[in-house]
>>> print(open('data_26.txt').read())   # compact mmCIF, C-alpha atoms
# COMPACT_ATOMS: atom_id res chain seq x y z
CA GLU E 1 21.06 18.04 16.00
CA VAL E 2 20.28 14.38 15.45
CA ALA E 3 23.13 12.04 16.41
CA THR E 4 24.80 9.96 13.70
CA VAL E 5 26.82 6.74 13.82
CA ASN E 6 30.17 8.56 14.07
CA GLY E 7 29.15 10.26 17.31
CA ARG E 8 28.74 13.73 15.80
CA THR E 9 25.49 15.47 14.91
CA LEU E 10 24.24 15.74 11.35
CA ALA E 11 24.92 19.49 11.41
CA GLU E 12 28.53 18.88 12.50
CA ASN E 13 29.07 16.37 9.70
CA LEU E 14 27.71 18.81 7.08
CA ALA E 15 29.39 21.99 8.33
CA GLY E 16 31.30 23.72 5.52
CA ARG E 17 30.21 21.24 2.84
CA GLU E 18 28.44 22.28 -0.36
CA THR E 19 26.87 20.31 -3.17
CA ALA E 20 28.94 20.30 -6.34
CA ASP E 21 25.90 19.81 -8.58
CA ASP E 22 22.47 21.23 -7.67
CA GLU E 23 20.82 18.86 -10.14
CA VAL E 24 22.10 15.82 -8.25
CA ILE E 25 21.74 16.98 -4.64
CA ARG E 26 19.16 19.73 -4.80
CA ARG E 27 18.75 22.58 -2.39
CA TYR E 28 15.65 22.76 -0.20
CA ALA E 29 14.46 25.88 -2.02
CA ASN E 30 14.78 24.17 -5.41
CA PRO E 31 12.87 20.87 -5.18
CA LEU E 32 12.62 18.45 -8.07
CA VAL E 33 8.82 18.38 -7.60
CA GLU E 34 7.08 21.24 -5.83
CA HIS E 35 4.29 19.15 -4.30
CA ALA E 36 6.00 15.79 -3.82
CA GLY E 37 5.33 13.30 -1.08
CA PHE E 38 2.53 11.06 0.10
CA LEU E 39 -0.58 11.01 2.26
CA ASN E 40 -1.44 8.77 5.20
CA LEU E 41 -5.05 7.66 4.70
CA LYS E 42 -7.49 6.15 7.20
CA GLY E 43 -11.10 4.98 7.16
CA ASN E 44 -13.45 2.08 7.81
CA LEU E 45 -11.57 -0.20 5.39
CA PHE E 46 -8.19 0.10 7.15
CA ASP E 47 -6.50 1.96 9.99
CA SER E 48 -3.58 3.17 7.87
CA ALA E 49 -2.49 3.28 4.24
CA LEU E 50 -0.15 5.39 2.11
CA MET E 51 -0.79 7.10 -1.22
CA LYS E 52 2.12 8.45 -3.26
CA THR E 53 0.61 11.74 -4.43
CA SER E 54 3.71 12.94 -6.25
CA VAL E 55 2.87 10.69 -9.22
CA ILE E 56 -0.70 11.91 -9.76
CA ALA E 57 -0.63 12.76 -13.47
CA ALA E 58 -2.71 15.45 -15.17
CA ASP E 59 -4.93 12.82 -16.83
CA PHE E 60 -5.60 11.06 -13.51
CA ARG E 61 -6.33 14.35 -11.76
CA GLU E 62 -8.75 15.39 -14.51
CA ARG E 63 -10.66 12.08 -14.43
CA PHE E 64 -10.84 11.60 -10.67
CA LEU E 65 -10.01 14.75 -8.72
CA SER E 66 -11.46 17.69 -10.65
CA ASP E 67 -15.13 17.79 -9.63
CA PRO E 68 -15.65 21.44 -8.56
CA GLU E 69 -18.37 20.34 -6.14
CA ASP E 70 -16.21 17.63 -4.60
CA PRO E 71 -12.54 18.58 -5.14
CA ASN E 72 -9.73 16.09 -4.51
CA ALA E 73 -12.19 13.25 -3.99
CA PHE E 74 -13.79 10.49 -6.04
CA GLU E 75 -16.02 7.47 -5.64
CA GLY E 76 -15.99 4.26 -7.62
CA ARG E 77 -16.97 0.61 -7.85
CA VAL E 78 -14.29 -1.87 -6.83
CA VAL E 79 -13.08 -5.07 -8.45
CA VAL E 80 -11.25 -7.29 -5.96
CA PHE E 81 -8.32 -9.64 -6.66
CA ASP E 82 -6.84 -12.10 -4.17
CA GLY E 83 -3.11 -11.86 -4.75
CA SER E 84 -1.07 -11.12 -7.85
CA GLU E 85 -1.80 -14.47 -9.48
CA ASP E 86 -5.54 -13.79 -9.40
CA TYR E 87 -5.00 -10.31 -10.85
CA HIS E 88 -2.91 -11.55 -13.79
CA ALA E 89 -5.37 -14.38 -14.49
CA ARG E 90 -8.51 -12.21 -14.57
CA ILE E 91 -7.66 -8.56 -15.31
CA ASP E 92 -8.72 -8.85 -18.96
CA ASP E 93 -11.96 -10.76 -18.24
CA PRO E 94 -14.81 -8.71 -19.80
CA ALA E 95 -17.21 -10.13 -17.20
CA LEU E 96 -15.56 -7.93 -14.56
CA GLU E 97 -16.93 -4.85 -16.37
CA ILE E 98 -13.91 -2.72 -15.49
CA ASP E 99 -14.36 0.81 -16.82
CA ALA E 100 -12.55 4.15 -16.58
CA ARG E 101 -13.92 4.79 -13.07
CA THR E 102 -13.26 1.37 -11.50
CA ILE E 103 -11.02 1.02 -8.44
CA LEU E 104 -8.76 -2.06 -8.58
CA VAL E 105 -8.13 -3.76 -5.22
CA MET E 106 -5.55 -6.44 -4.41
CA ARG E 107 -5.58 -8.15 -1.02
CA GLY E 108 -3.63 -11.13 0.29
CA ALA E 109 -0.38 -9.30 -0.55
CA GLY E 110 0.63 -8.18 2.94
CA PRO E 111 3.24 -9.29 5.50
CA VAL E 112 1.27 -12.46 6.32
CA GLY E 113 -0.79 -12.98 3.19
CA HIS E 114 1.91 -13.06 0.53
CA PRO E 115 4.00 -13.32 2.83
CA GLY E 116 6.38 -10.40 3.12
CA GLY E 117 4.34 -7.47 1.84
CA ALA E 118 5.09 -8.01 -1.84
CA GLU E 119 5.64 -5.24 -4.40
CA VAL E 120 2.69 -6.37 -6.52
CA VAL E 121 -0.01 -3.71 -6.10
CA ASN E 122 1.09 -1.79 -9.20
CA MET E 123 -1.89 -2.97 -11.26
CA GLN E 124 -2.60 -1.79 -14.80
CA PRO E 125 -6.06 -1.44 -16.38
CA PRO E 126 -7.30 -4.14 -18.75
CA GLU E 127 -5.68 -4.12 -22.18
CA ALA E 128 -8.89 -2.88 -23.79
CA LEU E 129 -8.86 0.27 -21.63
CA ILE E 130 -5.17 0.87 -22.29
CA ARG E 131 -5.85 0.71 -26.03
CA ALA E 132 -8.60 3.29 -25.49
CA GLY E 133 -6.12 5.65 -23.82
CA ILE E 134 -6.89 4.90 -20.15
CA GLU E 135 -3.42 4.15 -18.80
CA SER E 136 -4.11 4.19 -15.06
CA LEU E 137 -6.89 3.39 -12.62
CA PRO E 138 -7.00 3.92 -8.85
CA CYS E 139 -5.42 0.91 -7.14
CA LEU E 140 -5.59 -0.15 -3.50
CA GLY E 141 -3.97 -3.03 -1.67
CA ASP E 142 -2.45 -4.46 1.49
CA GLY E 143 0.91 -5.04 -0.18
CA ARG E 144 3.60 -2.72 -1.47
CA GLN E 145 4.62 -1.20 -4.81
CA SER E 146 7.94 -0.43 -6.41
CA GLY E 147 9.18 3.08 -5.68
CA THR E 148 9.69 3.56 -9.42
CA SER E 149 6.02 2.97 -10.21
CA GLY E 150 4.09 5.86 -11.71
CA SER E 151 0.74 4.70 -10.37
CA PRO E 152 -0.89 6.79 -7.59
CA SER E 153 -1.89 3.67 -5.67
CA ILE E 154 -3.12 3.37 -2.09
CA LEU E 155 -0.66 0.91 -0.54
CA ASN E 156 0.37 -0.73 2.73
CA ALA E 157 -3.27 -0.95 3.86
CA SER E 158 -3.24 -2.19 7.43
CA PRO E 159 -4.55 -4.37 8.99
CA GLU E 160 -4.26 -6.71 6.04
CA ALA E 161 -6.93 -9.15 4.88
CA ALA E 162 -4.92 -12.16 6.06
CA THR E 163 -5.09 -11.02 9.69
CA GLY E 164 -8.81 -10.25 9.60
CA GLY E 165 -8.75 -6.64 8.41
CA PRO E 166 -11.91 -5.23 6.78
CA LEU E 167 -10.29 -5.76 3.36
CA ALA E 168 -11.18 -9.43 3.82
CA LEU E 169 -14.88 -8.43 3.77
CA LEU E 170 -14.69 -6.40 0.56
CA GLU E 171 -16.60 -7.70 -2.48
CA SER E 172 -16.45 -6.75 -6.14
CA GLY E 173 -19.22 -4.27 -6.81
CA ASP E 174 -18.85 -2.44 -3.49
CA ARG E 175 -18.30 1.30 -3.69
CA LEU E 176 -15.43 3.25 -2.14
CA ARG E 177 -15.06 6.97 -1.58
CA VAL E 178 -11.53 8.35 -1.57
CA ASP E 179 -11.16 11.87 -0.14
CA LEU E 180 -7.61 13.19 -0.32
CA GLY E 181 -8.58 16.44 1.34
CA ARG E 182 -9.75 14.59 4.47
CA CYS E 183 -7.22 11.75 4.05
CA GLU E 184 -10.07 9.24 4.26
CA VAL E 185 -11.16 6.12 2.39
CA THR E 186 -14.74 5.05 3.14
CA LEU E 187 -16.37 1.74 2.23
CA ARG E 188 -20.02 2.45 1.32
CA VAL E 189 -21.44 -0.69 2.94
CA ASP E 190 -23.60 -0.54 6.07
CA ASP E 191 -22.48 -2.06 9.36
CA ALA E 192 -25.13 -4.77 9.37
CA GLU E 193 -24.00 -6.12 6.00
CA LEU E 194 -20.34 -6.04 7.10
CA ALA E 195 -21.24 -7.94 10.29
CA ALA E 196 -23.02 -10.60 8.22
CA ARG E 197 -20.01 -10.92 5.92
CA ARG E 198 -17.70 -11.23 8.94
CA GLU E 199 -19.85 -14.04 10.34
CA ARG E 200 -19.79 -15.91 7.03
CA LEU E 201 -16.02 -15.46 6.68
CA GLU E 202 -15.33 -16.78 10.17
CA ALA E 203 -17.64 -19.74 9.56
CA GLU E 204 -15.51 -20.56 6.50
CA GLY E 205 -12.30 -20.46 8.55
CA GLY E 206 -11.25 -16.89 7.82
CA TYR E 207 -9.50 -15.31 4.85
CA ARG E 208 -7.60 -17.93 2.89
CA TYR E 209 -4.06 -17.31 1.71
CA PRO E 210 -1.43 -19.68 0.23
CA ASP E 211 0.13 -22.30 2.49
CA HIS E 212 3.71 -21.91 3.74
CA GLN E 213 6.24 -22.87 1.08
CA THR E 214 9.35 -22.72 3.29
CA PRO E 215 10.08 -22.85 7.04
CA TRP E 216 11.14 -19.22 6.78
CA GLN E 217 7.68 -18.21 5.57
CA GLU E 218 6.14 -20.01 8.52
CA ILE E 219 8.48 -18.21 10.93
CA GLN E 220 7.81 -14.86 9.23
CA ARG E 221 4.06 -15.26 9.41
CA SER E 222 4.12 -16.32 13.06
CA MET E 223 5.78 -13.15 14.37
CA VAL E 224 5.66 -10.39 11.74
CA GLU E 225 4.12 -7.03 12.62
CA PRO E 226 1.77 -5.14 10.26
CA LEU E 227 3.02 -2.68 7.66
CA ASP E 228 2.01 0.34 9.72
CA ARG E 229 4.46 -0.92 12.38
CA GLY E 230 7.25 -1.50 9.89
CA MET E 231 6.69 -5.18 9.02
CA THR E 232 9.42 -6.06 11.51
CA LEU E 233 9.61 -9.31 13.47
CA ALA E 234 7.94 -8.64 16.81
CA PRO E 235 10.73 -10.09 19.04
CA ALA E 236 13.56 -8.44 17.07
CA THR E 237 13.92 -5.41 19.36
CA LYS E 238 15.18 -7.70 22.14
CA TYR E 239 18.38 -8.29 20.15
CA ARG E 240 19.25 -4.86 18.77
CA ASP E 241 21.96 -4.17 21.41
CA VAL E 242 23.41 -7.67 21.56
CA ALA E 243 26.77 -6.60 20.06
CA ARG E 244 27.25 -4.10 22.88
CA LEU E 245 26.74 -6.77 25.52
CA SER E 246 28.96 -9.54 24.17
CA PRO E 247 30.78 -10.53 20.97
CA PRO E 248 28.23 -11.87 18.47
CA ARG E 249 28.51 -15.57 17.70
CA ASP E 250 28.61 -15.40 13.93
CA ASN E 251 28.51 -18.55 11.82
CA HIS E 252 30.23 -18.35 8.45
>>> encode(input="data_26.txt", output="structure tokens")
Amino acid sequence: EVATVNGRTLAENLAGRETADDEVIRRYANPLVEHAGFLNLKGNLFDSALMKTSVIAADFRERFLSDPEDPNAFEGRVVVFDGSEDYHARIDDPALEIDARTILVMRGAGPVGHPGGAEVVNMQPPEALIRAGIESLPCLGDGRQSGTSGSPSILNASPEAATGGPLALLESGDRLRVDLGRCEVTLRVDDAELAARRERLEAEGGYRYPDHQTPWQEIQRSMVEPLDRGMTLAPATKYRDVARLSPPRDNH
């Protein structure tokens, strides 16, 4: 019964219409993937994040989610990258000691940090692991990922590092527990250590991200909302009905 732009309800618009090809527009009882979709995750590292569970492959499920004593959950050591440039520069560095159980984290990729919540969190394992047959690792970040990506990443983590979220306190070597059954991600670092890290970070001026490169980036960063609120510009709702009140003053 939802209203649509033509003034009629969705049901009224669809009445008497049938799909001509069930492979293109599939019926509800015949889904393309039986258990498609995503999970909304929470925890002490962020208030909200999304994980696209429909792309969890058999190999990934076997390596990370098949412990009979702890089903649909895993724990791993993290390696942290600050933005996509840092990831590309260091992902193949042997000193990072990335193995088949490592969780890759990218921060500084959110609405303020990048800016714009960039589609850059689709990280691949180091080349040495790929050659050994490990084609995906758990990834987590405060940016976005292309909808065509096959990686079961944890994305849109909010609040982002650039606005003081706990991601800014994360260090390589920390351990994370991801529990899909409880929809929780837990950073295994005690509160006292996190408080000390917060104090050091604030003394250094907070989480550093690249300077503005255009006036539009400066405007974006000054008023953008977090990803869990849609990454919209905070004052934008004041103008959504302007065309109903008066003719818009367009400039072509």
>>> residues_around(input="data_26.txt", residues="E:Ser222", least_positions_apart="6", cutoff="10 Å", atoms="all atoms listed in the file", output="CSV table (one decimal) with C-alpha atoms, in the coordinates of the input")
chain,number,residue,atom,x,y,z
E,112,VAL,CA,1.3,-12.5,6.3
E,216,TRP,CA,11.1,-19.2,6.8
E,233,LEU,CA,9.6,-9.3,13.5
E,234,ALA,CA,7.9,-8.6,16.8
>>> closest_residue(input="data_26.txt", among="E:Asn40, E:Thr9, E:Ser136, E:Thr102", to="E:Gln124", atoms="only C-alpha atoms")
E:Ser136
>>> residues_around(input="data_26.txt", residues="stretch 58-63 of chain E", least_positions_apart="4", cutoff="9 Å", atoms="all atoms listed in the file", output="JSON, numbers by chain")
{"E": [67, 72, 100, 101, 134, 135, 136, 137, 138, 152]}
>>> closest_residue(input="data_26.txt", among="E:Pro125, E:Gly43, E:Gly116, E:Pro68", to="E:Met223", atoms="only C-alpha atoms")
E:Gly116
>>> atom_distance(input="data_26.txt", atom1="atom CA of E:Val33", atom2="atom CA of E:Leu180")
18.7 Å
>>> axis_aligned_box(input="data_26.txt", around="stretch 8-20 of chain E", padding_each_side="8 Å", output="JSON")
{"center_x": 27.8, "center_y": 18.7, "center_z": 4.7, "size_x": 23.1, "size_y": 26.0, "size_z": 38.1}
>>> residues_around(input="data_26.txt", residues="E:Arg175", least_positions_apart="4", cutoff="9 Å", atoms="only C-alpha atoms", output="PyMOL selection string")
chain E and resi 75-78+103+186-189
>>> residues_around(input="data_26.txt", residues="E:Gly181", least_positions_apart="2", cutoff="8 Å", atoms="all atoms listed in the file", output="mmCIF file with C-alpha atoms, in the coordinates of the input")
data_model
loop_
_atom_site.group_PDB
_atom_site.id
_atom_site.type_symbol
_atom_site.label_atom_id
_atom_site.label_comp_id
_atom_site.auth_asym_id
_atom_site.auth_seq_id
_atom_site.Cartn_x
_atom_site.Cartn_y
_atom_site.Cartn_z
ATOM 1 C CA PRO E 71 -12.540 18.580 -5.140
ATOM 2 C CA ASN E 72 -9.730 16.090 -4.510
ATOM 3 C CA ALA E 73 -12.190 13.250 -3.990
ATOM 4 C CA ASP E 179 -11.160 11.870 -0.140
ATOM 5 C CA CYS E 183 -7.220 11.750 4.050
ATOM 6 C CA GLU E 184 -10.070 9.240 4.260
#
>>> closest_residue(input="data_26.txt", among="E:Glu199, E:Lys52, E:Glu23, E:Leu140", to="E:Leu176", atoms="all atoms listed in the file")
E:Leu140
>>> decode(input="data_26.txt", residues="stretch 209-230 of chain E", atoms="N, CA, C and O atoms", output="PDB file, in the first residue's frame")
ATOM      1  N   TYR E 209      43.855  12.524   8.676  1.00  0.00           N
ATOM      2  CA  TYR E 209      43.415  12.116   7.340  1.00  0.00           C
ATOM      3  C   TYR E 209      43.861  13.183   6.344  1.00  0.00           C
ATOM      4  O   TYR E 209      44.236  14.290   6.749  1.00  0.00           O
ATOM      5  N   PRO E 210      43.837  12.895   5.040  1.00  0.00           N
ATOM      6  CA  PRO E 210      44.376  13.849   4.061  1.00  0.00           C
ATOM      7  C   PRO E 210      43.674  15.208   4.117  1.00  0.00           C
ATOM      8  O   PRO E 210      42.482  15.303   4.411  1.00  0.00           O
ATOM      9  N   ASP E 211      44.423  16.253   3.806  1.00  0.00           N
ATOM     10  CA  ASP E 211      43.861  17.600   3.771  1.00  0.00           C
ATOM     11  C   ASP E 211      42.822  17.719   2.658  1.00  0.00           C
ATOM     12  O   ASP E 211      42.794  16.918   1.709  1.00  0.00           O
ATOM     13  N   HIS E 212      41.973  18.752   2.746  1.00  0.00           N
ATOM     14  CA  HIS E 212      41.024  19.030   1.672  1.00  0.00           C
ATOM     15  C   HIS E 212      41.785  19.267   0.376  1.00  0.00           C
ATOM     16  O   HIS E 212      42.822  19.943   0.353  1.00  0.00           O
ATOM     17  N   GLN E 213      41.265  18.745  -0.717  1.00  0.00           N
ATOM     18  CA  GLN E 213      41.856  18.975  -2.029  1.00  0.00           C
ATOM     19  C   GLN E 213      41.012  19.905  -2.892  1.00  0.00           C
ATOM     20  O   GLN E 213      41.494  20.417  -3.902  1.00  0.00           O
ATOM     21  N   THR E 214      39.753  20.101  -2.507  1.00  0.00           N
ATOM     22  CA  THR E 214      38.849  20.994  -3.235  1.00  0.00           C
ATOM     23  C   THR E 214      37.934  21.687  -2.221  1.00  0.00           C
ATOM     24  O   THR E 214      37.758  21.187  -1.096  1.00  0.00           O
ATOM     25  N   PRO E 215      37.322  22.814  -2.583  1.00  0.00           N
ATOM     26  CA  PRO E 215      36.349  23.428  -1.670  1.00  0.00           C
ATOM     27  C   PRO E 215      35.161  22.521  -1.414  1.00  0.00           C
ATOM     28  O   PRO E 215      34.547  22.571  -0.344  1.00  0.00           O
ATOM     29  N   TRP E 216      34.842  21.670  -2.373  1.00  0.00           N
ATOM     30  CA  TRP E 216      33.697  20.772  -2.203  1.00  0.00           C
ATOM     31  C   TRP E 216      33.986  19.714  -1.142  1.00  0.00           C
ATOM     32  O   TRP E 216      33.089  19.311  -0.401  1.00  0.00           O
ATOM     33  N   GLN E 217      35.226  19.257  -1.065  1.00  0.00           N
ATOM     34  CA  GLN E 217      35.584  18.328   0.011  1.00  0.00           C
ATOM     35  C   GLN E 217      35.467  18.996   1.375  1.00  0.00           C
ATOM     36  O   GLN E 217      34.990  18.391   2.336  1.00  0.00           O
ATOM     37  N   GLU E 218      35.875  20.248   1.461  1.00  0.00           N
ATOM     38  CA  GLU E 218      35.775  20.959   2.729  1.00  0.00           C
ATOM     39  C   GLU E 218      34.312  21.125   3.144  1.00  0.00           C
ATOM     40  O   GLU E 218      33.959  20.941   4.318  1.00  0.00           O
ATOM     41  N   ILE E 219      33.459  21.457   2.177  1.00  0.00           N
ATOM     42  CA  ILE E 219      32.029  21.587   2.475  1.00  0.00           C
ATOM     43  C   ILE E 219      31.453  20.245   2.902  1.00  0.00           C
ATOM     44  O   ILE E 219      30.723  20.145   3.891  1.00  0.00           O
ATOM     45  N   GLN E 220      31.786  19.197   2.145  1.00  0.00           N
ATOM     46  CA  GLN E 220      31.296  17.851   2.462  1.00  0.00           C
ATOM     47  C   GLN E 220      31.662  17.461   3.887  1.00  0.00           C
ATOM     48  O   GLN E 220      30.824  17.020   4.675  1.00  0.00           O
ATOM     49  N   ARG E 221      32.924  17.614   4.221  1.00  0.00           N
ATOM     50  CA  ARG E 221      33.396  17.193   5.537  1.00  0.00           C
ATOM     51  C   ARG E 221      32.758  17.998   6.665  1.00  0.00           C
ATOM     52  O   ARG E 221      32.608  17.508   7.783  1.00  0.00           O
ATOM     53  N   SER E 222      32.396  19.237   6.407  1.00  0.00           N
ATOM     54  CA  SER E 222      31.881  20.102   7.459  1.00  0.00           C
ATOM     55  C   SER E 222      30.448  19.779   7.856  1.00  0.00           C
ATOM     56  O   SER E 222      30.023  20.153   8.950  1.00  0.00           O
ATOM     57  N   MET E 223      29.702  19.076   6.995  1.00  0.00           N
ATOM     58  CA  MET E 223      28.282  18.869   7.300  1.00  0.00           C
ATOM     59  C   MET E 223      27.766  17.470   6.989  1.00  0.00           C
ATOM     60  O   MET E 223      26.576  17.209   7.127  1.00  0.00           O
ATOM     61  N   VAL E 224      28.645  16.533   6.600  1.00  0.00           N
ATOM     62  CA  VAL E 224      28.170  15.202   6.225  1.00  0.00           C
ATOM     63  C   VAL E 224      27.822  14.379   7.464  1.00  0.00           C
ATOM     64  O   VAL E 224      28.475  14.474   8.508  1.00  0.00           O
ATOM     65  N   GLU E 225      26.772  13.573   7.343  1.00  0.00           N
ATOM     66  CA  GLU E 225      26.376  12.671   8.413  1.00  0.00           C
ATOM     67  C   GLU E 225      27.065  11.317   8.232  1.00  0.00           C
ATOM     68  O   GLU E 225      27.551  10.999   7.152  1.00  0.00           O
ATOM     69  N   PRO E 226      27.127  10.496   9.290  1.00  0.00           N
ATOM     70  CA  PRO E 226      27.810   9.199   9.184  1.00  0.00           C
ATOM     71  C   PRO E 226      27.069   8.231   8.271  1.00  0.00           C
ATOM     72  O   PRO E 226      25.907   8.450   7.906  1.00  0.00           O
ATOM     73  N   LEU E 227      27.748   7.144   7.918  1.00  0.00           N
ATOM     74  CA  LEU E 227      27.159   6.179   6.995  1.00  0.00           C
ATOM     75  C   LEU E 227      25.889   5.534   7.545  1.00  0.00           C
ATOM     76  O   LEU E 227      24.980   5.219   6.789  1.00  0.00           O
ATOM     77  N   ASP E 228      25.811   5.347   8.866  1.00  0.00           N
ATOM     78  CA  ASP E 228      24.596   4.727   9.393  1.00  0.00           C
ATOM     79  C   ASP E 228      23.404   5.692   9.389  1.00  0.00           C
ATOM     80  O   ASP E 228      22.285   5.297   9.698  1.00  0.00           O
ATOM     81  N   ARG E 229      23.630   6.944   9.002  1.00  0.00           N
ATOM     82  CA  ARG E 229      22.550   7.905   8.793  1.00  0.00           C
ATOM     83  C   ARG E 229      22.427   8.304   7.331  1.00  0.00           C
ATOM     84  O   ARG E 229      21.794   9.303   6.989  1.00  0.00           O
ATOM     85  N   GLY E 230      23.086   7.533   6.465  1.00  0.00           N
ATOM     86  CA  GLY E 230      22.907   7.732   5.032  1.00  0.00           C
ATOM     87  C   GLY E 230      23.953   8.563   4.340  1.00  0.00           C
ATOM     88  O   GLY E 230      23.876   8.773   3.128  1.00  0.00           O
TER      89      GLY E 230
END
